[in-house]
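Below is entry_17.cif, which holds mmCIF, C-alpha atoms.
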```cif
data_work
loop_
_atom_site.label_atom_id
_atom_site.label_comp_id
_atom_site.auth_asym_id
_atom_site.auth_seq_id
_atom_site.Cartn_x
_atom_site.Cartn_y
_atom_site.Cartn_z
CA MET I 1 -171.70 217.44 13.23
CA THR I 2 -175.39 216.76 13.84
CA ARG I 3 -177.84 219.42 12.72
CA VAL I 4 -181.30 219.70 14.24
CA LEU I 5 -183.99 222.12 13.09
CA ILE I 6 -186.72 222.87 15.60
CA LYS I 7 -189.50 224.09 13.34
CA GLY I 8 -192.74 225.98 13.73
CA GLY I 9 -192.84 226.57 17.48
CA THR I 10 -193.65 229.65 19.54
CA VAL I 11 -190.11 230.77 20.38
CA VAL I 12 -189.42 232.60 23.66
CA THR I 13 -185.80 233.64 23.17
CA MET I 14 -185.16 235.46 26.51
CA ASP I 15 -182.72 237.60 24.52
CA ARG I 16 -183.71 241.26 24.82
CA ARG I 17 -182.11 241.99 21.46
CA LEU I 18 -184.23 239.37 19.73
CA ARG I 19 -187.98 239.28 19.57
CA ASP I 20 -190.04 236.32 20.60
CA LEU I 21 -191.54 234.60 17.58
CA LYS I 22 -195.19 233.59 17.48
CA ARG I 23 -194.08 231.01 14.96
CA GLY I 24 -190.39 230.45 14.36
CA ASP I 25 -187.50 228.05 13.87
CA VAL I 26 -184.30 227.31 15.79
CA LEU I 27 -181.36 225.68 14.01
CA VAL I 28 -178.81 223.73 16.03
CA ASP I 29 -175.45 222.66 14.66
CA GLY I 30 -173.56 220.34 16.97
CA GLU I 31 -173.78 221.76 20.47
CA LYS I 32 -174.63 225.34 19.48
CA ILE I 33 -177.58 227.39 18.28
CA VAL I 34 -176.66 228.84 14.89
CA GLU I 35 -179.86 230.59 13.81
CA VAL I 36 -183.21 231.75 15.15
CA ALA I 37 -185.65 233.06 12.56
CA ARG I 38 -189.26 233.02 11.40
CA GLU I 39 -188.46 230.52 8.66
CA ILE I 40 -185.35 228.41 8.15
CA ALA I 41 -185.06 225.98 5.27
CA PRO I 42 -183.99 222.54 6.51
CA PRO I 43 -180.27 222.05 5.77
CA PRO I 44 -179.35 218.82 3.96
CA GLY I 45 -179.32 215.90 6.37
CA ALA I 46 -180.74 217.86 9.29
CA GLU I 47 -183.13 216.20 11.71
CA VAL I 48 -186.37 218.19 11.82
CA ILE I 49 -188.38 218.40 15.03
CA ASP I 50 -191.94 219.51 14.43
CA ALA I 51 -192.54 222.10 17.14
CA ALA I 52 -196.00 223.16 15.98
CA GLY I 53 -198.16 223.55 19.07
CA MET I 54 -195.04 223.86 21.25
CA ILE I 55 -193.44 226.66 23.26
CA VAL I 56 -189.67 226.71 22.74
CA ILE I 57 -187.68 228.14 25.68
CA PRO I 58 -184.08 228.11 26.93
CA GLY I 59 -183.26 225.28 29.30
CA LEU I 60 -184.04 226.23 32.89
CA ILE I 61 -181.22 226.78 35.40
CA ASN I 62 -181.55 225.61 39.00
CA ALA I 63 -179.08 227.81 40.84
CA HIS I 64 -179.08 225.92 44.13
CA LEU I 65 -179.72 222.19 44.56
CA HIS I 66 -178.45 219.55 46.99
CA THR I 67 -178.67 216.70 44.52
CA TRP I 68 -177.09 214.15 46.87
CA GLN I 69 -180.33 214.07 48.87
CA SER I 70 -182.43 212.71 45.96
CA GLY I 71 -182.97 209.30 47.51
CA LEU I 72 -184.51 210.81 50.64
CA ARG I 73 -187.18 212.95 49.00
CA GLY I 74 -190.07 213.96 51.22
CA ILE I 75 -188.71 212.86 54.57
CA GLY I 76 -188.13 216.48 55.63
CA GLY I 77 -191.57 217.77 54.71
CA ASP I 78 -192.29 218.73 58.32
CA TRP I 79 -188.78 219.72 59.42
CA ALA I 80 -187.77 223.11 60.74
CA VAL I 81 -184.12 224.06 60.33
CA PRO I 82 -182.88 222.58 63.67
CA GLN I 83 -184.45 219.24 62.75
CA TYR I 84 -182.95 219.43 59.29
CA MET I 85 -179.46 220.07 60.64
CA ALA I 86 -179.74 217.30 63.24
CA ASN I 87 -181.45 214.66 61.12
CA MET I 88 -179.74 215.38 57.82
CA HIS I 89 -176.24 216.69 58.40
CA ARG I 90 -175.46 215.16 61.78
CA GLY I 91 -177.44 212.00 61.09
CA LEU I 92 -178.43 210.64 57.70
CA ALA I 93 -175.56 212.25 55.80
CA THR I 94 -172.99 210.37 57.87
CA HIS I 95 -174.29 207.04 56.53
CA PHE I 96 -173.78 207.84 52.84
CA ARG I 97 -171.26 205.73 50.99
CA PRO I 98 -169.76 206.87 47.67
CA GLU I 99 -172.18 204.64 45.76
CA ASP I 100 -175.10 206.36 47.52
CA ILE I 101 -173.84 209.76 46.38
CA TYR I 102 -173.41 208.44 42.84
CA ILE I 103 -176.93 207.10 42.40
CA ALA I 104 -178.51 210.09 44.14
CA ASN I 105 -176.68 212.52 41.88
CA LEU I 106 -177.45 210.48 38.77
CA MET I 107 -181.15 210.20 39.54
CA GLY I 108 -181.42 213.77 40.80
CA ALA I 109 -179.84 215.05 37.59
CA LEU I 110 -182.15 212.89 35.45
CA THR I 111 -185.12 214.25 37.39
CA SER I 112 -184.01 217.77 36.54
CA ILE I 113 -183.63 216.96 32.85
CA ASN I 114 -187.06 215.33 32.82
CA SER I 115 -188.44 218.52 34.39
CA GLY I 116 -186.99 220.91 31.79
CA THR I 117 -183.91 221.94 33.77
CA THR I 118 -180.74 221.68 31.72
CA THR I 119 -178.28 223.23 34.20
CA ILE I 120 -177.99 222.64 37.92
CA VAL I 121 -175.72 224.11 40.55
CA ASP I 122 -174.96 220.95 42.51
CA TRP I 123 -174.12 222.29 45.98
CA CYS I 124 -172.43 219.14 47.28
CA HIS I 125 -171.86 219.34 51.05
CA ASN I 126 -171.72 215.63 51.81
CA ASN I 127 -168.33 214.65 50.42
CA PRO I 128 -166.19 213.53 53.38
CA THR I 129 -163.72 211.69 51.13
CA PRO I 130 -162.34 212.12 47.60
CA GLU I 131 -164.22 208.92 46.73
CA HIS I 132 -167.53 210.61 47.64
CA THR I 133 -166.61 213.60 45.50
CA ASP I 134 -165.67 211.46 42.51
CA ALA I 135 -168.87 209.45 42.86
CA ALA I 136 -170.93 212.66 42.86
CA ILE I 137 -169.22 213.82 39.68
CA ASP I 138 -169.64 210.37 38.12
CA GLY I 139 -173.40 210.61 38.63
CA LEU I 140 -173.60 214.05 37.06
CA GLU I 141 -171.42 213.05 34.13
CA GLU I 142 -173.42 209.91 33.38
CA SER I 143 -176.71 211.82 33.39
CA GLY I 144 -175.64 214.16 30.58
CA ILE I 145 -176.81 217.27 32.42
CA ARG I 146 -174.92 220.56 32.50
CA ALA I 147 -173.79 221.11 36.08
CA ALA I 148 -171.65 223.37 38.19
CA PHE I 149 -170.24 221.11 40.88
CA PHE I 150 -169.80 223.28 43.96
CA HIS I 151 -167.42 221.42 46.27
CA GLY I 152 -168.64 221.74 49.86
CA SER I 153 -167.93 220.14 53.20
CA PRO I 154 -169.93 217.89 55.57
CA LYS I 155 -171.35 219.07 58.89
CA PRO I 156 -171.28 216.05 61.24
CA ASN I 157 -170.76 216.13 64.98
CA PRO I 158 -167.00 215.97 65.56
CA LYS I 159 -165.49 212.73 66.79
CA PRO I 160 -163.11 212.79 69.76
CA GLY I 161 -159.98 214.68 68.82
CA GLU I 162 -161.52 216.22 65.68
CA LYS I 163 -162.10 219.90 65.06
CA HIS I 164 -165.66 221.14 64.68
CA PHE I 165 -166.61 221.56 61.02
CA SER I 166 -166.71 225.33 61.52
CA GLU I 167 -162.96 225.27 62.10
CA GLN I 168 -162.07 223.31 58.95
CA SER I 169 -161.15 225.12 55.76
CA MET I 170 -161.91 224.00 52.24
CA PRO I 171 -159.37 221.28 51.32
CA ARG I 172 -156.98 223.02 48.93
CA GLY I 173 -155.52 219.75 47.70
CA GLU I 174 -158.93 218.45 46.64
CA VAL I 175 -159.79 221.70 44.89
CA GLU I 176 -156.53 221.65 42.98
CA ARG I 177 -157.01 217.98 42.08
CA LEU I 178 -160.38 218.72 40.51
CA MET I 179 -159.16 221.88 38.80
CA LYS I 180 -156.30 220.01 37.16
CA GLY I 181 -158.29 216.86 36.50
CA ARG I 182 -161.78 216.03 35.35
CA LEU I 183 -163.20 219.54 35.95
CA ALA I 184 -160.36 221.37 34.22
CA ASN I 185 -162.37 222.18 31.08
CA LYS I 186 -164.30 225.36 31.86
CA ASP I 187 -166.21 225.02 28.59
CA GLY I 188 -167.38 221.48 29.25
CA LEU I 189 -170.70 220.29 30.65
CA LEU I 190 -169.26 220.13 34.16
CA SER I 191 -167.54 223.02 35.90
CA LEU I 192 -166.17 223.62 39.40
CA GLY I 193 -167.10 226.06 42.16
CA LEU I 194 -166.63 226.29 45.91
CA ALA I 195 -169.44 225.78 48.44
CA ILE I 196 -167.92 227.25 51.59
CA LEU I 197 -169.26 227.63 55.11
CA GLY I 198 -168.88 231.42 55.11
CA PRO I 199 -169.38 233.73 58.09
CA THR I 200 -172.65 232.06 59.10
CA TYR I 201 -171.20 228.60 59.67
CA SER I 202 -167.43 229.04 60.19
CA VAL I 203 -165.01 231.01 62.29
CA TRP I 204 -163.40 234.09 60.78
CA ASP I 205 -160.03 232.54 59.92
CA VAL I 206 -161.74 229.74 57.98
CA THR I 207 -164.01 232.17 56.16
CA ARG I 208 -161.08 234.34 55.15
CA ARG I 209 -158.92 231.41 54.01
CA ASP I 210 -161.75 229.98 51.93
CA MET I 211 -162.46 233.34 50.32
CA GLU I 212 -158.78 233.83 49.59
CA LEU I 213 -158.65 230.40 47.96
CA ALA I 214 -161.61 231.34 45.76
CA LYS I 215 -159.98 234.61 44.76
CA GLU I 216 -156.68 232.89 44.02
CA THR I 217 -158.27 230.18 41.87
CA GLY I 218 -160.85 232.42 40.22
CA LEU I 219 -163.64 230.01 41.13
CA ILE I 220 -167.18 231.06 42.00
CA VAL I 221 -167.64 230.82 45.74
CA SER I 222 -171.06 230.22 47.27
CA MET I 223 -172.25 230.21 50.89
CA HIS I 224 -175.43 229.68 52.87
CA VAL I 225 -176.46 232.68 54.94
CA GLY I 226 -179.39 232.01 57.26
CA GLY I 227 -180.84 229.46 59.60
CA GLY I 228 -179.62 231.16 62.77
CA ALA I 229 -177.19 233.67 64.17
CA ALA I 230 -173.93 233.99 62.23
CA MET I 231 -170.71 232.78 63.83
CA VAL I 232 -169.11 235.99 62.56
CA PRO I 233 -171.82 238.68 62.82
CA ASP I 234 -169.74 241.32 61.03
CA GLY I 235 -168.35 238.85 58.50
CA PHE I 236 -169.45 240.66 55.36
CA GLU I 237 -168.16 244.00 56.57
CA ARG I 238 -164.78 242.36 57.22
CA LEU I 239 -164.78 240.63 53.85
CA ALA I 240 -165.54 243.95 52.18
CA ALA I 241 -162.72 245.64 54.08
CA GLU I 242 -160.29 242.96 52.85
CA LYS I 243 -161.62 243.31 49.27
CA LEU I 244 -162.78 239.70 49.15
CA LEU I 245 -166.26 240.44 47.79
CA SER I 246 -166.93 240.41 44.06
CA ALA I 247 -169.36 239.22 41.39
CA LYS I 248 -167.90 235.74 41.80
CA VAL I 249 -169.38 235.53 45.30
CA ASN I 250 -172.82 233.93 45.60
CA VAL I 251 -174.99 234.18 48.71
CA VAL I 252 -177.85 231.71 49.12
CA HIS I 253 -180.78 232.96 51.24
CA GLY I 254 -179.48 235.96 53.23
CA ASN I 255 -183.00 236.79 54.43
CA ASN I 256 -181.82 238.21 57.76
CA LEU I 257 -179.01 240.39 56.43
CA SER I 258 -179.27 244.07 57.27
CA ASP I 259 -180.03 246.65 54.63
CA ASN I 260 -176.52 248.00 55.08
CA VAL I 261 -174.91 244.62 54.40
CA LEU I 262 -177.16 244.10 51.39
CA LYS I 263 -176.05 247.44 50.02
CA ILE I 264 -172.37 246.67 50.66
CA THR I 265 -172.57 243.29 48.98
CA ALA I 266 -174.68 244.50 46.05
CA ASN I 267 -172.24 247.34 45.41
CA ALA I 268 -169.43 244.77 45.34
CA GLY I 269 -171.34 242.73 42.75
CA VAL I 270 -172.24 239.80 45.02
CA GLN I 271 -174.99 237.71 43.44
CA TYR I 272 -177.87 236.25 45.45
CA THR I 273 -179.87 233.06 45.01
CA VAL I 274 -183.38 232.87 46.48
CA THR I 275 -184.87 229.49 47.42
CA ALA I 276 -188.31 230.63 48.49
CA ASP I 277 -190.02 227.30 49.28
CA VAL I 278 -187.32 226.16 51.68
CA GLU I 279 -186.97 229.62 53.19
CA PHE I 280 -190.69 229.62 53.97
CA GLN I 281 -190.57 226.23 55.66
CA MET I 282 -187.30 226.66 57.53
CA GLY I 283 -188.27 229.95 59.13
CA PHE I 284 -185.86 232.20 57.26
CA CYS I 285 -188.59 234.88 56.92
CA ASP I 286 -189.39 236.79 53.73
CA PRO I 287 -187.19 236.05 50.71
CA LEU I 288 -184.89 238.86 49.61
CA THR I 289 -186.51 239.20 46.19
CA GLY I 290 -187.95 242.68 46.73
CA LYS I 291 -184.88 244.12 48.44
CA LEU I 292 -182.61 242.77 45.73
CA ARG I 293 -184.83 244.23 43.00
CA ALA I 294 -184.66 247.61 44.71
CA LEU I 295 -180.86 247.38 44.66
CA LYS I 296 -180.95 246.29 40.98
CA SER I 297 -179.06 243.16 42.03
CA PRO I 298 -179.62 240.15 39.74
CA ILE I 299 -181.65 237.33 41.28
CA SER I 300 -181.22 233.65 40.55
CA ILE I 301 -183.47 231.02 42.06
CA GLY I 302 -183.17 227.40 43.17
CA THR I 303 -185.14 224.59 44.74
CA ASP I 304 -182.57 223.73 47.45
CA VAL I 305 -182.98 220.64 49.64
CA GLU I 306 -184.40 217.53 47.98
CA VAL I 307 -185.74 216.19 51.29
CA THR I 308 -188.14 219.13 51.48
CA ALA I 309 -188.68 220.73 48.08
CA ARG I 310 -189.32 219.24 44.63
CA ALA I 311 -186.67 220.02 42.03
CA ASP I 312 -189.22 221.71 39.77
CA MET I 313 -188.20 225.09 38.42
CA PHE I 314 -191.70 225.88 37.17
CA ALA I 315 -193.03 225.64 40.72
CA CYS I 316 -189.96 227.52 41.95
CA MET I 317 -190.65 230.44 39.62
CA ARG I 318 -194.27 230.61 40.74
CA SER I 319 -193.62 230.50 44.47
CA THR I 320 -190.85 233.10 44.27
CA LEU I 321 -192.90 235.38 42.04
CA GLN I 322 -196.17 235.19 43.95
CA ALA I 323 -194.48 235.55 47.34
CA GLN I 324 -192.98 238.89 46.34
CA ARG I 325 -196.11 240.06 44.54
CA ASN I 326 -197.99 239.40 47.78
CA LEU I 327 -195.48 241.37 49.86
CA ASP I 328 -195.71 244.24 47.38
CA ASN I 329 -199.50 244.08 47.47
CA ILE I 330 -199.49 244.25 51.28
CA GLU I 331 -197.29 247.35 51.18
CA HIS I 332 -199.59 248.96 48.63
CA TRP I 333 -202.62 248.27 50.84
CA LYS I 334 -200.85 249.85 53.81
CA ALA I 335 -200.01 252.95 51.81
CA HIS I 336 -203.24 253.38 49.82
CA ASN I 337 -205.91 251.25 51.51
CA ALA I 338 -206.68 249.73 48.14
CA ALA I 339 -205.51 246.91 45.92
CA PRO I 340 -202.83 247.84 43.36
CA GLU I 341 -203.93 248.46 39.79
CA LYS I 342 -201.17 246.28 38.33
CA VAL I 343 -198.79 243.58 39.51
CA SER I 344 -195.34 244.58 40.68
CA ILE I 345 -193.34 241.90 38.83
CA SER I 346 -193.92 240.46 35.37
CA CYS I 347 -193.88 236.81 34.42
CA ARG I 348 -191.04 237.54 32.01
CA GLU I 349 -188.87 238.76 34.88
CA ALA I 350 -189.61 235.55 36.79
CA LEU I 351 -188.53 233.52 33.75
CA GLU I 352 -185.32 235.56 33.66
CA TRP I 353 -184.55 234.41 37.21
CA ALA I 354 -184.55 230.81 35.98
CA THR I 355 -182.66 231.43 32.73
CA VAL I 356 -180.50 234.47 32.02
CA ASN I 357 -179.87 235.33 35.69
CA GLY I 358 -178.88 231.77 36.53
CA ALA I 359 -176.40 231.96 33.67
CA LYS I 360 -175.13 235.29 34.98
CA MET I 361 -174.56 233.87 38.46
CA LEU I 362 -172.44 231.14 36.87
CA HIS I 363 -170.59 233.71 34.74
CA GLN I 364 -171.76 231.78 31.69
CA GLU I 365 -174.20 234.31 30.28
CA HIS I 366 -172.15 234.28 27.06
CA ARG I 367 -173.00 230.55 26.70
CA LEU I 368 -176.30 229.93 28.47
CA GLY I 369 -179.66 231.38 29.44
CA SER I 370 -181.20 232.43 26.13
CA LEU I 371 -181.91 231.16 22.62
CA THR I 372 -179.19 233.25 21.03
CA PRO I 373 -177.13 232.19 18.01
CA GLY I 374 -173.69 231.17 19.20
CA LYS I 375 -174.86 229.96 22.60
CA GLN I 376 -175.09 226.37 23.75
CA ALA I 377 -178.14 224.47 22.50
CA ASP I 378 -179.83 223.96 25.86
CA ILE I 379 -183.44 223.97 24.73
CA VAL I 380 -186.81 222.87 26.11
CA LEU I 381 -190.07 222.33 24.21
CA LEU I 382 -193.33 222.54 26.14
CA ARG I 383 -196.59 221.13 24.78
CA ALA I 384 -199.02 224.04 24.52
CA ASP I 385 -201.84 221.51 24.18
CA ASP I 386 -201.06 220.02 27.58
CA LEU I 387 -204.19 220.35 29.71
CA THR I 388 -202.32 222.51 32.24
CA ILE I 389 -201.56 225.10 29.52
CA PHE I 390 -204.25 224.74 26.84
CA PRO I 391 -205.44 227.04 25.40
CA MET I 392 -202.24 229.08 25.23
CA HIS I 393 -202.62 232.85 24.76
CA ASP I 394 -199.49 234.45 26.21
CA PRO I 395 -196.49 232.09 25.94
CA VAL I 396 -194.39 233.63 28.72
CA SER I 397 -197.30 233.76 31.14
CA SER I 398 -198.21 230.21 30.16
CA VAL I 399 -194.69 228.97 30.91
CA VAL I 400 -194.50 230.65 34.31
CA THR I 401 -198.03 230.31 35.64
CA GLN I 402 -199.19 227.11 33.92
CA GLY I 403 -196.09 225.18 32.85
CA GLY I 404 -194.87 222.08 34.62
CA VAL I 405 -193.25 218.70 34.28
CA SER I 406 -196.28 217.23 32.48
CA SER I 407 -195.90 219.77 29.67
CA VAL I 408 -192.17 219.13 29.05
CA ASP I 409 -192.04 217.30 25.70
CA THR I 410 -188.43 217.68 24.55
CA VAL I 411 -185.18 218.56 26.29
CA MET I 412 -181.84 219.19 24.62
CA VAL I 413 -178.51 219.73 26.42
CA ALA I 414 -175.59 220.99 24.34
CA GLY I 415 -177.34 219.79 21.20
CA THR I 416 -177.99 216.29 22.52
CA LEU I 417 -181.60 215.17 22.84
CA MET I 418 -182.21 214.00 26.41
CA LYS I 419 -186.03 213.79 26.30
CA ARG I 420 -188.25 213.39 23.27
CA ASP I 421 -192.02 213.06 22.88
CA GLY I 422 -192.40 213.23 26.65
CA ARG I 423 -190.01 210.30 27.26
CA LEU I 424 -186.65 210.52 29.01
CA LEU I 425 -184.05 208.95 26.70
CA VAL I 426 -182.31 206.86 29.35
CA GLU I 427 -181.62 203.16 29.23
CA GLY I 428 -182.21 201.00 32.29
CA LEU I 429 -184.21 203.60 34.18
CA ALA I 430 -186.13 200.97 36.17
CA GLY I 431 -182.88 199.47 37.42
CA LYS I 432 -181.56 202.87 38.40
CA LYS I 433 -184.74 203.56 40.36
CA THR I 434 -184.32 200.28 42.19
CA MET I 435 -180.73 201.19 43.03
CA LEU I 436 -181.84 204.56 44.43
CA ARG I 437 -184.59 202.98 46.52
CA ARG I 438 -182.27 200.36 47.98
CA SER I 439 -179.66 203.01 48.75
CA ALA I 440 -182.23 205.08 50.63
CA GLU I 441 -183.56 202.07 52.53
CA ARG I 442 -180.06 201.13 53.68
CA ILE I 443 -179.25 204.71 54.77
CA LEU I 444 -182.49 205.02 56.71
CA SER I 445 -181.93 201.62 58.33
CA ASP I 446 -178.38 202.49 59.38
CA PHE I 447 -179.54 205.85 60.70
CA GLY I 448 -182.31 204.23 62.71
CA ALA I 449 -179.93 201.64 64.15
CA ALA I 450 -177.46 204.36 65.15
CA ARG I 451 -180.20 206.32 66.93
CA ARG I 452 -181.36 203.25 68.82
CA GLN I 453 -177.81 202.47 69.87
CA ALA I 454 -177.25 206.04 71.06
CA ALA I 455 -180.47 205.89 73.09
#
```

Could I get this structure in the form of structure tokens?
Amino acid sequence: MTRVLIKGGTVVTMDRRLRDLKRGDVLVDGEKIVEVAREIAPPPGAEVIDAAGMIVIPGLINAHLHTWQSGLRGIGGDWAVPQYMANMHRGLATHFRPEDIYIANLMGALTSINSGTTTIVDWCHNNPTPEHTDAAIDGLEESGIRAAFFHGSPKPNPKPGEKHFSEQSMPRGEVERLMKGRLANKDGLLSLGLAILGPTYSVWDVTRRDMELAKETGLIVSMHVGGGAAMVPDGFERLAAEKLLSAKVNVVHGNNLSDNVLKITANAGVQYTVTADVEFQMGFCDPLTGKLRALKSPISIGTDVEVTARADMFACMRSTLQAQRNLDNIEHWKAHNAAPEKVSISCREALEWATVNGAKMLHQEHRLGSLTPGKQADIVLLRADDLTIFPMHDPVSSVVTQGGVSSVDTVMVAGTLMKRDGRLLVEGLAGKKTMLRRSAERILSDFGAARRQAA
């Protein structure tokens, strides 16, 4: 097996049992980290990566991303949630062919790798056919990223004789096909989860059936909560009564949930993902960060919709962190008529949201999220001499407040180098970009033609 020694970097382990190292080494054997220490002698035949002047961190985890939208980046920059639902789900999404999903997922995943993200939760809710689903997985697999493929469901306007999407349960046959097929290996790079409609977007019987399917299969089940009034206002209370809430339930957003529901779900172990940038734009109100911290509920974070927000976990950490610091500062001013003497949340905690807590949400904290011997070698090296960081004084603060795509020098996923010396190690990238552009142009053209015909 290939051995790689990352030598002489500033090592931020994110393991509370291990100390960060001002200067240290990380030894990788195959797909795992085998040693982290101040000085490791190069084993015979090992490849040595000179990490002097680098910050070595665990690969970042994007806990909520709609990768299939990668070809349409930026078109939703001025959309509120009703426009997003109409233009995206009831419009553009209906013109995607399987090959469009494939190239969007491939290029979206490569963008994440290039940006220092080694794991994504691909919340795929534009898979109207098994062919679309397979194409989405093909794109992820080809990229080499680590991904949790959360199987969702489209939200088009119903055709004559069809049920509304809110009345359609998760397709059991498709879930079983994936579980028994290409996503059967829970220890592989790709894993399976369920992206259900939940009580916000489906009727009660559908919500219950989907939650029962998740419990039966043992899969993580995720749902959007927000964007308008819930179809089942007391949905979480009913789920709690039927003992269908657990740590394998993930709620994305949830900004408008009552304190009582937050307490019920937190007590049941439900894990929340905050996507602050999109929540700001779409009118979801204040992110739940502060309320979840008060409940000691772990927080993971994600970038969400590609049409609106950049898949950049450095920016995601900053916006989530500073939004809650600001809310806490406002409360302190109200109570004391003075600025607080210290910040309410540390940069290290923000980095935990994008590493160890993302791993916890995926129930893979034993494999991911920190530079711990025995865990998967998902590792990122940042150039501390990058002009956005230099001069580096506090490595954790530098990562969170100054780090970015320009500083990402090296990315490793399961021991495989995916980016080196600032260059993504992908063949034929120009051709793939052309394929993505042409896919987007065709989708936009078909969407425009359909709108003109309807008018």

### Message
What would the selection look like, as a PyMOL selection string, if the PyMOL selection byres ((chain I and resi 443) around 10) were run on the coordinates I just shared?
### Response
chain I and resi 71-72+91-97+100+437-442+444-449

Those same residues - C-alpha atoms - I'd like them written as a PDB file, in the frame of the given file.
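selection-v1.pdb was written with the following content:
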```pdb
ATOM      1  CA  GLY I  71    -182.970 209.300  47.510  1.00  0.00           C
ATOM      2  CA  LEU I  72    -184.510 210.810  50.640  1.00  0.00           C
ATOM      3  CA  GLY I  91    -177.440 212.000  61.090  1.00  0.00           C
ATOM      4  CA  LEU I  92    -178.430 210.640  57.700  1.00  0.00           C
ATOM      5  CA  ALA I  93    -175.560 212.250  55.800  1.00  0.00           C
ATOM      6  CA  THR I  94    -172.990 210.370  57.870  1.00  0.00           C
ATOM      7  CA  HIS I  95    -174.290 207.040  56.530  1.00  0.00           C
ATOM      8  CA  PHE I  96    -173.780 207.840  52.840  1.00  0.00           C
ATOM      9  CA  ARG I  97    -171.260 205.730  50.990  1.00  0.00           C
ATOM     10  CA  ASP I 100    -175.100 206.360  47.520  1.00  0.00           C
ATOM     11  CA  ARG I 437    -184.590 202.980  46.520  1.00  0.00           C
ATOM     12  CA  ARG I 438    -182.270 200.360  47.980  1.00  0.00           C
ATOM     13  CA  SER I 439    -179.660 203.010  48.750  1.00  0.00           C
ATOM     14  CA  ALA I 440    -182.230 205.080  50.630  1.00  0.00           C
ATOM     15  CA  GLU I 441    -183.560 202.070  52.530  1.00  0.00           C
ATOM     16  CA  ARG I 442    -180.060 201.130  53.680  1.00  0.00           C
ATOM     17  CA  LEU I 444    -182.490 205.020  56.710  1.00  0.00           C
ATOM     18  CA  SER I 445    -181.930 201.620  58.330  1.00  0.00           C
ATOM     19  CA  ASP I 446    -178.380 202.490  59.380  1.00  0.00           C
ATOM     20  CA  PHE I 447    -179.540 205.850  60.700  1.00  0.00           C
ATOM     21  CA  GLY I 448    -182.310 204.230  62.710  1.00  0.00           C
ATOM     22  CA  ALA I 449    -179.930 201.640  64.150  1.00  0.00           C
TER      23      ALA I 449
END
```

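Of the residues listed (I:Leu292, I:Ala241, I:Val121, I:Ile33), I:Leu292 shows the shortest atom-to-atom separation from I:Gln324; distances use all atoms listed in the file.
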
### Task
Work out how far atom CA of I:Glu352 is from atom CA of I:Gly24, in Å to one decimal.
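Between these atoms lies a distance of 20.6 Å.
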
I:Ala63: which residues within 10 Å, counting only C-alpha atoms, same-chain residues fewer than 5 positions away excluded, as a PDB file with C-alpha atoms, in the frame of the given file?
```pdb
ATOM      1  CA  THR I 119    -178.280 223.230  34.200  1.00  0.00           C
ATOM      2  CA  ILE I 120    -177.990 222.640  37.920  1.00  0.00           C
ATOM      3  CA  VAL I 121    -175.720 224.110  40.550  1.00  0.00           C
ATOM      4  CA  ASP I 122    -174.960 220.950  42.510  1.00  0.00           C
ATOM      5  CA  TRP I 123    -174.120 222.290  45.980  1.00  0.00           C
ATOM      6  CA  ALA I 147    -173.790 221.110  36.080  1.00  0.00           C
ATOM      7  CA  ALA I 148    -171.650 223.370  38.190  1.00  0.00           C
ATOM      8  CA  ASN I 250    -172.820 233.930  45.600  1.00  0.00           C
ATOM      9  CA  VAL I 252    -177.850 231.710  49.120  1.00  0.00           C
ATOM     10  CA  TYR I 272    -177.870 236.250  45.450  1.00  0.00           C
ATOM     11  CA  THR I 273    -179.870 233.060  45.010  1.00  0.00           C
ATOM     12  CA  VAL I 274    -183.380 232.870  46.480  1.00  0.00           C
ATOM     13  CA  THR I 275    -184.870 229.490  47.420  1.00  0.00           C
ATOM     14  CA  ILE I 299    -181.650 237.330  41.280  1.00  0.00           C
ATOM     15  CA  SER I 300    -181.220 233.650  40.550  1.00  0.00           C
ATOM     16  CA  ILE I 301    -183.470 231.020  42.060  1.00  0.00           C
ATOM     17  CA  GLY I 302    -183.170 227.400  43.170  1.00  0.00           C
ATOM     18  CA  THR I 303    -185.140 224.590  44.740  1.00  0.00           C
ATOM     19  CA  ASP I 304    -182.570 223.730  47.450  1.00  0.00           C
ATOM     20  CA  MET I 313    -188.200 225.090  38.420  1.00  0.00           C
ATOM     21  CA  TRP I 353    -184.550 234.410  37.210  1.00  0.00           C
ATOM     22  CA  ALA I 354    -184.550 230.810  35.980  1.00  0.00           C
ATOM     23  CA  THR I 355    -182.660 231.430  32.730  1.00  0.00           C
ATOM     24  CA  ASN I 357    -179.870 235.330  35.690  1.00  0.00           C
ATOM     25  CA  GLY I 358    -178.880 231.770  36.530  1.00  0.00           C
ATOM     26  CA  ALA I 359    -176.400 231.960  33.670  1.00  0.00           C
ATOM     27  CA  MET I 361    -174.560 233.870  38.460  1.00  0.00           C
ATOM     28  CA  LEU I 362    -172.440 231.140  36.870  1.00  0.00           C
TER      29      LEU I 362
END
```

Please, which residues in stretch 22-110 of chain I fall within 12 Å of stretch 417-420 of chain I when counting all atoms listed in the file, and what is the closest atom pair and distance in Å to one decimal for each, ordered by chain then residue number, as a Markdown table?
```
| residue | atom | partner | partner_atom | distance |
| --- | --- | --- | --- | --- |
| I:Val28 | CA | I:Leu417 | CA | 11.3 |
| I:Gly30 | CA | I:Leu417 | CA | 11.2 |
| I:Glu31 | CA | I:Leu417 | CA | 10.5 |
| I:Glu47 | CA | I:Leu417 | CA | 11.3 |
| I:Ile49 | CA | I:Arg420 | CA | 9.6 |
| I:Asp50 | CA | I:Arg420 | CA | 11.4 |
| I:Ala51 | CA | I:Arg420 | CA | 11.5 |
| I:Gly59 | CA | I:Met418 | CA | 11.7 |
| I:Ala109 | CA | I:Met418 | CA | 11.5 |
| I:Leu110 | CA | I:Met418 | CA | 9.1 |
```
